[in-house]
Amino acid sequence: MPDAYSVALTPGALADIDRLDRFLRDRNPAAANRLLDTFTTAFVRLAENPLDSPLNLSSMLRARIVPFGRRGYVCLYAVRGRTVIVVRLFHTRENWQAESENAPS
């Protein structure tokens, strides 16, 4: 896909993936494997159309819900040129809105 953006993950996003994986893996290893596959698919879709999520003008970040089970995850990201920078990832039950105000962009 020639028009796709590239996707980069910040150290904070990588730490979030590790944290979320460990939390789920302790409870359900099969679900943790599905979660990692879900994130991979979400990043591919993000590269295809990163501008379809609303922009929060105070943080200059966009938020996309990544459905998973009954809830899902929030992917906070910025678009810089042709690169999508995934800044943080949170479960929807976490207080991600307060954390996103402190996330580097």
# chains A, B, ... in the order shown; residues from 1 in each chain; ligands from 1
>>> residues_around(residues="Thr83 (chain A)", least_positions_apart="2", cutoff="9 Å", atoms="only C-alpha atoms", output="list in words")
Tyr5, Ser6, Val7, Ala8, Ala47, Ala78, Val79, Arg80, Gly81 and Ile85 of chain A
>>> select_by_dssp(residues="chain A", states="strand (DSSP E or B)", output="PyMOL selection string")
chain A and resi 6-9+55-56+61-68+71-80+83-91
>>> residues_around(residues="region 31-46 of chain A", least_positions_apart="3", cutoff="7 Å", atoms="only C-alpha atoms", output="number ranges by chain")
A: 7, 21, 24-25, 28, 49-50, 66
>>> atom_distance(atom1="CA of Val84 (chain A)", atom2="CA of Asp3 (chain A)")
12.9 Å
>>> closest_residue(among="A:Leu20, A:Leu57, A:Ala30, A:Ala63", to="Val86 (chain A)", atoms="only C-alpha atoms")
A:Ala63
>>> select_by_dssp(residues="chain A", states="alpha helix (DSSP H)", output="PyMOL selection string")
chain A and resi 11-27+29-48+96-100
>>> residues_around(residues="Val87 (chain A)", least_positions_apart="2", cutoff="10 Å", atoms="only C-alpha atoms", output="PDB file with N, CA and C atoms, in the first residue's frame")
ATOM      1  N   ALA A   8       5.442   4.295  14.342  1.00  0.00           N
ATOM      2  CA  ALA A   8       6.529   4.179  15.309  1.00  0.00           C
ATOM      3  C   ALA A   8       5.926   4.196  16.710  1.00  0.00           C
ATOM      4  N   LEU A   9       6.492   3.431  17.602  1.00  0.00           N
ATOM      5  CA  LEU A   9       6.025   3.389  18.983  1.00  0.00           C
ATOM      6  C   LEU A   9       7.061   4.039  19.891  1.00  0.00           C
ATOM      7  N   THR A  10       6.599   4.900  20.771  1.00  0.00           N
ATOM      8  CA  THR A  10       7.493   5.523  21.748  1.00  0.00           C
ATOM      9  C   THR A  10       7.874   4.493  22.813  1.00  0.00           C
ATOM     10  N   PRO A  11       8.912   4.778  23.588  1.00  0.00           N
ATOM     11  CA  PRO A  11       9.233   3.881  24.704  1.00  0.00           C
ATOM     12  C   PRO A  11       8.048   3.710  25.662  1.00  0.00           C
ATOM     13  N   GLY A  12       7.263   4.757  25.850  1.00  0.00           N
ATOM     14  CA  GLY A  12       6.080   4.651  26.713  1.00  0.00           C
ATOM     15  C   GLY A  12       5.052   3.682  26.159  1.00  0.00           C
ATOM     16  N   ALA A  13       4.834   3.706  24.839  1.00  0.00           N
ATOM     17  CA  ALA A  13       3.885   2.783  24.214  1.00  0.00           C
ATOM     18  C   ALA A  13       4.398   1.352  24.307  1.00  0.00           C
ATOM     19  N   LEU A  14       5.691   1.155  24.096  1.00  0.00           N
ATOM     20  CA  LEU A  14       6.261  -0.193  24.217  1.00  0.00           C
ATOM     21  C   LEU A  14       6.124  -0.710  25.650  1.00  0.00           C
ATOM     22  N   ASP A  16       3.806   0.199  27.707  1.00  0.00           N
ATOM     23  CA  ASP A  16       2.378  -0.083  27.893  1.00  0.00           C
ATOM     24  C   ASP A  16       2.014  -1.458  27.341  1.00  0.00           C
ATOM     25  N   LEU A  61      -3.004  15.173  20.399  1.00  0.00           N
ATOM     26  CA  LEU A  61      -3.003  13.734  20.196  1.00  0.00           C
ATOM     27  C   LEU A  61      -4.369  13.292  19.689  1.00  0.00           C
ATOM     28  N   ARG A  62      -4.384  12.181  19.014  1.00  0.00           N
ATOM     29  CA  ARG A  62      -5.617  11.542  18.578  1.00  0.00           C
ATOM     30  C   ARG A  62      -5.807  10.291  19.423  1.00  0.00           C
ATOM     31  N   CYS A  75      -5.685   3.859  22.068  1.00  0.00           N
ATOM     32  CA  CYS A  75      -4.392   4.115  21.446  1.00  0.00           C
ATOM     33  C   CYS A  75      -4.273   5.618  21.246  1.00  0.00           C
ATOM     34  N   LEU A  76      -3.357   6.244  21.962  1.00  0.00           N
ATOM     35  CA  LEU A  76      -3.107   7.674  21.805  1.00  0.00           C
ATOM     36  C   LEU A  76      -1.937   7.848  20.848  1.00  0.00           C
ATOM     37  N   TYR A  77      -2.126   8.704  19.857  1.00  0.00           N
ATOM     38  CA  TYR A  77      -1.079   8.843  18.846  1.00  0.00           C
ATOM     39  C   TYR A  77      -1.071  10.244  18.248  1.00  0.00           C
ATOM     40  N   ALA A  78       0.029  10.540  17.593  1.00  0.00           N
ATOM     41  CA  ALA A  78       0.201  11.805  16.875  1.00  0.00           C
ATOM     42  C   ALA A  78       0.610  11.472  15.445  1.00  0.00           C
ATOM     43  N   VAL A  84       3.043   7.909  11.931  1.00  0.00           N
ATOM     44  CA  VAL A  84       2.113   7.838  13.055  1.00  0.00           C
ATOM     45  C   VAL A  84       2.935   7.423  14.268  1.00  0.00           C
ATOM     46  N   ILE A  85       2.916   8.262  15.290  1.00  0.00           N
ATOM     47  CA  ILE A  85       3.687   7.980  16.499  1.00  0.00           C
ATOM     48  C   ILE A  85       2.710   7.562  17.595  1.00  0.00           C
ATOM     49  N   LEU A  89      -0.783   3.459  25.267  1.00  0.00           N
ATOM     50  CA  LEU A  89      -1.876   2.504  25.127  1.00  0.00           C
ATOM     51  C   LEU A  89      -2.427   2.210  26.515  1.00  0.00           C
ATOM     52  N   SER A 100      -2.987  10.929  29.642  1.00  0.00           N
ATOM     53  CA  SER A 100      -2.679  11.458  28.303  1.00  0.00           C
ATOM     54  C   SER A 100      -2.261  12.921  28.347  1.00  0.00           C
ATOM     55  N   ALA A 103       1.429  12.799  28.609  1.00  0.00           N
ATOM     56  CA  ALA A 103       2.157  11.997  27.626  1.00  0.00           C
ATOM     57  C   ALA A 103       2.956  12.897  26.703  1.00  0.00           C
ATOM     58  N   PRO A 104       4.194  12.531  26.424  1.00  0.00           N
ATOM     59  CA  PRO A 104       4.995  13.326  25.484  1.00  0.00           C
ATOM     60  C   PRO A 104       4.458  13.157  24.080  1.00  0.00           C
ATOM     61  N   SER A 105       4.525  14.203  23.279  1.00  0.00           N
ATOM     62  CA  SER A 105       4.017  14.091  21.896  1.00  0.00           C
ATOM     63  C   SER A 105       5.087  14.186  20.891  1.00  0.00           C
TER      64      SER A 105
END
>>> closest_residue(among="A:Arg93, A:Arg88, A:Arg27, A:Arg19", to="Arg64 (chain A)", atoms="only C-alpha atoms")
A:Arg88
>>> atom_distance(atom1="CA of Gly72 (chain A)", atom2="CA of Phe90 (chain A)")
8.7 Å
>>> closest_residue(among="A:Met60, A:Val74, A:Asp18, A:Leu51", to="Ala4 (chain A)", atoms="only C-alpha atoms")
A:Leu51
>>> decode(residues="region 50-98 of chain A", atoms="N, CA and C atoms", output="PDB file, in the first residue's frame")
ATOM      1  N   PRO A  50      -4.761   7.236   9.492  1.00  0.00           N
ATOM      2  CA  PRO A  50      -4.574   7.777  10.836  1.00  0.00           C
ATOM      3  C   PRO A  50      -5.379   9.044  11.130  1.00  0.00           C
ATOM      4  N   LEU A  51      -5.904   9.684  10.114  1.00  0.00           N
ATOM      5  CA  LEU A  51      -6.565  10.970  10.332  1.00  0.00           C
ATOM      6  C   LEU A  51      -8.059  10.849  10.608  1.00  0.00           C
ATOM      7  N   ASP A  52      -8.582   9.615  10.714  1.00  0.00           N
ATOM      8  CA  ASP A  52     -10.015   9.467  10.925  1.00  0.00           C
ATOM      9  C   ASP A  52     -10.435   9.560  12.390  1.00  0.00           C
ATOM     10  N   SER A  53      -9.493   9.652  13.305  1.00  0.00           N
ATOM     11  CA  SER A  53      -9.805   9.817  14.721  1.00  0.00           C
ATOM     12  C   SER A  53      -9.701  11.298  15.080  1.00  0.00           C
ATOM     13  N   PRO A  54     -10.552  11.765  15.994  1.00  0.00           N
ATOM     14  CA  PRO A  54     -10.540  13.195  16.331  1.00  0.00           C
ATOM     15  C   PRO A  54      -9.239  13.636  16.993  1.00  0.00           C
ATOM     16  N   LEU A  55      -8.881  14.869  16.742  1.00  0.00           N
ATOM     17  CA  LEU A  55      -7.689  15.479  17.317  1.00  0.00           C
ATOM     18  C   LEU A  55      -8.077  16.250  18.571  1.00  0.00           C
ATOM     19  N   ASN A  56      -7.390  15.978  19.677  1.00  0.00           N
ATOM     20  CA  ASN A  56      -7.575  16.734  20.907  1.00  0.00           C
ATOM     21  C   ASN A  56      -6.618  17.922  20.833  1.00  0.00           C
ATOM     22  N   LEU A  57      -7.162  19.117  20.699  1.00  0.00           N
ATOM     23  CA  LEU A  57      -6.330  20.293  20.489  1.00  0.00           C
ATOM     24  C   LEU A  57      -5.448  20.641  21.692  1.00  0.00           C
ATOM     25  N   SER A  58      -5.872  20.275  22.893  1.00  0.00           N
ATOM     26  CA  SER A  58      -5.045  20.614  24.053  1.00  0.00           C
ATOM     27  C   SER A  58      -3.789  19.745  24.131  1.00  0.00           C
ATOM     28  N   SER A  59      -3.882  18.493  23.694  1.00  0.00           N
ATOM     29  CA  SER A  59      -2.709  17.613  23.744  1.00  0.00           C
ATOM     30  C   SER A  59      -2.096  17.375  22.368  1.00  0.00           C
ATOM     31  N   MET A  60      -2.830  17.737  21.313  1.00  0.00           N
ATOM     32  CA  MET A  60      -2.422  17.480  19.919  1.00  0.00           C
ATOM     33  C   MET A  60      -2.258  15.985  19.648  1.00  0.00           C
ATOM     34  N   LEU A  61      -3.004  15.173  20.399  1.00  0.00           N
ATOM     35  CA  LEU A  61      -3.003  13.734  20.196  1.00  0.00           C
ATOM     36  C   LEU A  61      -4.369  13.292  19.689  1.00  0.00           C
ATOM     37  N   ARG A  62      -4.384  12.181  19.014  1.00  0.00           N
ATOM     38  CA  ARG A  62      -5.617  11.542  18.578  1.00  0.00           C
ATOM     39  C   ARG A  62      -5.807  10.291  19.423  1.00  0.00           C
ATOM     40  N   ALA A  63      -7.054   9.873  19.596  1.00  0.00           N
ATOM     41  CA  ALA A  63      -7.356   8.667  20.369  1.00  0.00           C
ATOM     42  C   ALA A  63      -8.210   7.742  19.516  1.00  0.00           C
ATOM     43  N   ARG A  64      -7.784   6.493  19.421  1.00  0.00           N
ATOM     44  CA  ARG A  64      -8.540   5.484  18.691  1.00  0.00           C
ATOM     45  C   ARG A  64      -8.805   4.320  19.636  1.00  0.00           C
ATOM     46  N   ILE A  65     -10.049   3.849  19.634  1.00  0.00           N
ATOM     47  CA  ILE A  65     -10.401   2.679  20.422  1.00  0.00           C
ATOM     48  C   ILE A  65     -10.027   1.430  19.634  1.00  0.00           C
ATOM     49  N   VAL A  66      -9.349   0.519  20.305  1.00  0.00           N
ATOM     50  CA  VAL A  66      -9.001  -0.784  19.730  1.00  0.00           C
ATOM     51  C   VAL A  66      -9.898  -1.796  20.430  1.00  0.00           C
ATOM     52  N   PRO A  67     -10.961  -2.253  19.759  1.00  0.00           N
ATOM     53  CA  PRO A  67     -11.890  -3.186  20.404  1.00  0.00           C
ATOM     54  C   PRO A  67     -11.189  -4.493  20.781  1.00  0.00           C
ATOM     55  N   PHE A  68     -11.540  -4.993  21.967  1.00  0.00           N
ATOM     56  CA  PHE A  68     -11.010  -6.276  22.431  1.00  0.00           C
ATOM     57  C   PHE A  68     -11.940  -6.785  23.518  1.00  0.00           C
ATOM     58  N   GLY A  69     -12.584  -7.896  23.280  1.00  0.00           N
ATOM     59  CA  GLY A  69     -13.529  -8.431  24.257  1.00  0.00           C
ATOM     60  C   GLY A  69     -14.700  -7.481  24.455  1.00  0.00           C
ATOM     61  N   ARG A  70     -15.161  -7.393  25.691  1.00  0.00           N
ATOM     62  CA  ARG A  70     -16.304  -6.512  25.984  1.00  0.00           C
ATOM     63  C   ARG A  70     -15.909  -5.053  26.055  1.00  0.00           C
ATOM     64  N   ARG A  71     -14.668  -4.775  26.184  1.00  0.00           N
ATOM     65  CA  ARG A  71     -14.196  -3.391  26.304  1.00  0.00           C
ATOM     66  C   ARG A  71     -13.213  -3.087  25.184  1.00  0.00           C
ATOM     67  N   GLY A  72     -12.029  -2.714  25.522  1.00  0.00           N
ATOM     68  CA  GLY A  72     -11.029  -2.427  24.512  1.00  0.00           C
ATOM     69  C   GLY A  72      -9.896  -1.616  25.096  1.00  0.00           C
ATOM     70  N   TYR A  73      -9.109  -1.080  24.200  1.00  0.00           N
ATOM     71  CA  TYR A  73      -7.933  -0.308  24.571  1.00  0.00           C
ATOM     72  C   TYR A  73      -7.964   1.023  23.844  1.00  0.00           C
ATOM     73  N   VAL A  74      -7.336   2.019  24.433  1.00  0.00           N
ATOM     74  CA  VAL A  74      -7.231   3.339  23.832  1.00  0.00           C
ATOM     75  C   VAL A  74      -5.801   3.492  23.324  1.00  0.00           C
ATOM     76  N   CYS A  75      -5.685   3.859  22.068  1.00  0.00           N
ATOM     77  CA  CYS A  75      -4.392   4.115  21.446  1.00  0.00           C
ATOM     78  C   CYS A  75      -4.273   5.618  21.246  1.00  0.00           C
ATOM     79  N   LEU A  76      -3.357   6.244  21.962  1.00  0.00           N
ATOM     80  CA  LEU A  76      -3.107   7.674  21.805  1.00  0.00           C
ATOM     81  C   LEU A  76      -1.937   7.848  20.848  1.00  0.00           C
ATOM     82  N   TYR A  77      -2.126   8.704  19.857  1.00  0.00           N
ATOM     83  CA  TYR A  77      -1.079   8.843  18.846  1.00  0.00           C
ATOM     84  C   TYR A  77      -1.071  10.244  18.248  1.00  0.00           C
ATOM     85  N   ALA A  78       0.029  10.540  17.593  1.00  0.00           N
ATOM     86  CA  ALA A  78       0.201  11.805  16.875  1.00  0.00           C
ATOM     87  C   ALA A  78       0.610  11.472  15.445  1.00  0.00           C
ATOM     88  N   VAL A  79       0.276  12.366  14.548  1.00  0.00           N
ATOM     89  CA  VAL A  79       0.685  12.209  13.153  1.00  0.00           C
ATOM     90  C   VAL A  79       1.675  13.316  12.853  1.00  0.00           C
ATOM     91  N   ARG A  80       2.874  12.920  12.465  1.00  0.00           N
ATOM     92  CA  ARG A  80       3.942  13.861  12.127  1.00  0.00           C
ATOM     93  C   ARG A  80       4.412  13.537  10.716  1.00  0.00           C
ATOM     94  N   GLY A  81       4.028  14.353   9.775  1.00  0.00           N
ATOM     95  CA  GLY A  81       4.367  14.064   8.386  1.00  0.00           C
ATOM     96  C   GLY A  81       3.680  12.787   7.953  1.00  0.00           C
ATOM     97  N   ARG A  82       4.466  11.812   7.501  1.00  0.00           N
ATOM     98  CA  ARG A  82       3.921  10.516   7.070  1.00  0.00           C
ATOM     99  C   ARG A  82       4.156   9.430   8.119  1.00  0.00           C
ATOM    100  N   THR A  83       4.413   9.858   9.369  1.00  0.00           N
ATOM    101  CA  THR A  83       4.650   8.906  10.452  1.00  0.00           C
ATOM    102  C   THR A  83       3.569   9.044  11.516  1.00  0.00           C
ATOM    103  N   VAL A  84       3.043   7.909  11.931  1.00  0.00           N
ATOM    104  CA  VAL A  84       2.113   7.838  13.055  1.00  0.00           C
ATOM    105  C   VAL A  84       2.935   7.423  14.268  1.00  0.00           C
ATOM    106  N   ILE A  85       2.916   8.262  15.290  1.00  0.00           N
ATOM    107  CA  ILE A  85       3.687   7.980  16.499  1.00  0.00           C
ATOM    108  C   ILE A  85       2.710   7.562  17.595  1.00  0.00           C
ATOM    109  N   VAL A  86       2.742   6.284  17.945  1.00  0.00           N
ATOM    110  CA  VAL A  86       1.904   5.774  19.026  1.00  0.00           C
ATOM    111  C   VAL A  86       2.580   6.170  20.326  1.00  0.00           C
ATOM    112  N   VAL A  87       1.870   6.976  21.107  1.00  0.00           N
ATOM    113  CA  VAL A  87       2.441   7.553  22.318  1.00  0.00           C
ATOM    114  C   VAL A  87       2.161   6.694  23.540  1.00  0.00           C
ATOM    115  N   ARG A  88       0.905   6.263  23.699  1.00  0.00           N
ATOM    116  CA  ARG A  88       0.514   5.460  24.870  1.00  0.00           C
ATOM    117  C   ARG A  88      -0.623   4.531  24.497  1.00  0.00           C
ATOM    118  N   LEU A  89      -0.783   3.459  25.267  1.00  0.00           N
ATOM    119  CA  LEU A  89      -1.876   2.504  25.127  1.00  0.00           C
ATOM    120  C   LEU A  89      -2.427   2.210  26.515  1.00  0.00           C
ATOM    121  N   PHE A  90      -3.747   2.253  26.646  1.00  0.00           N
ATOM    122  CA  PHE A  90      -4.403   2.027  27.927  1.00  0.00           C
ATOM    123  C   PHE A  90      -5.624   1.154  27.734  1.00  0.00           C
ATOM    124  N   HIS A  91      -5.967   0.387  28.766  1.00  0.00           N
ATOM    125  CA  HIS A  91      -7.261  -0.283  28.781  1.00  0.00           C
ATOM    126  C   HIS A  91      -8.315   0.787  29.019  1.00  0.00           C
ATOM    127  N   THR A  92      -9.504   0.597  28.464  1.00  0.00           N
ATOM    128  CA  THR A  92     -10.545   1.624  28.597  1.00  0.00           C
ATOM    129  C   THR A  92     -10.983   1.831  30.046  1.00  0.00           C
ATOM    130  N   ARG A  93     -10.700   0.880  30.920  1.00  0.00           N
ATOM    131  CA  ARG A  93     -11.071   1.053  32.321  1.00  0.00           C
ATOM    132  C   ARG A  93     -10.014   1.814  33.116  1.00  0.00           C
ATOM    133  N   GLU A  94      -8.861   2.047  32.515  1.00  0.00           N
ATOM    134  CA  GLU A  94      -7.817   2.826  33.179  1.00  0.00           C
ATOM    135  C   GLU A  94      -8.133   4.313  33.051  1.00  0.00           C
ATOM    136  N   ASN A  95      -7.541   5.125  33.909  1.00  0.00           N
ATOM    137  CA  ASN A  95      -7.728   6.569  33.844  1.00  0.00           C
ATOM    138  C   ASN A  95      -6.770   7.153  32.801  1.00  0.00           C
ATOM    139  N   TRP A  96      -7.013   6.827  31.555  1.00  0.00           N
ATOM    140  CA  TRP A  96      -6.114   7.214  30.474  1.00  0.00           C
ATOM    141  C   TRP A  96      -6.198   8.697  30.143  1.00  0.00           C
ATOM    142  N   GLN A  97      -7.323   9.335  30.406  1.00  0.00           N
ATOM    143  CA  GLN A  97      -7.441  10.748  30.058  1.00  0.00           C
ATOM    144  C   GLN A  97      -6.514  11.610  30.913  1.00  0.00           C
ATOM    145  N   ALA A  98      -6.386  11.304  32.186  1.00  0.00           N
ATOM    146  CA  ALA A  98      -5.465  12.058  33.040  1.00  0.00           C
ATOM    147  C   ALA A  98      -4.025  11.777  32.626  1.00  0.00           C
TER     148      ALA A  98
END
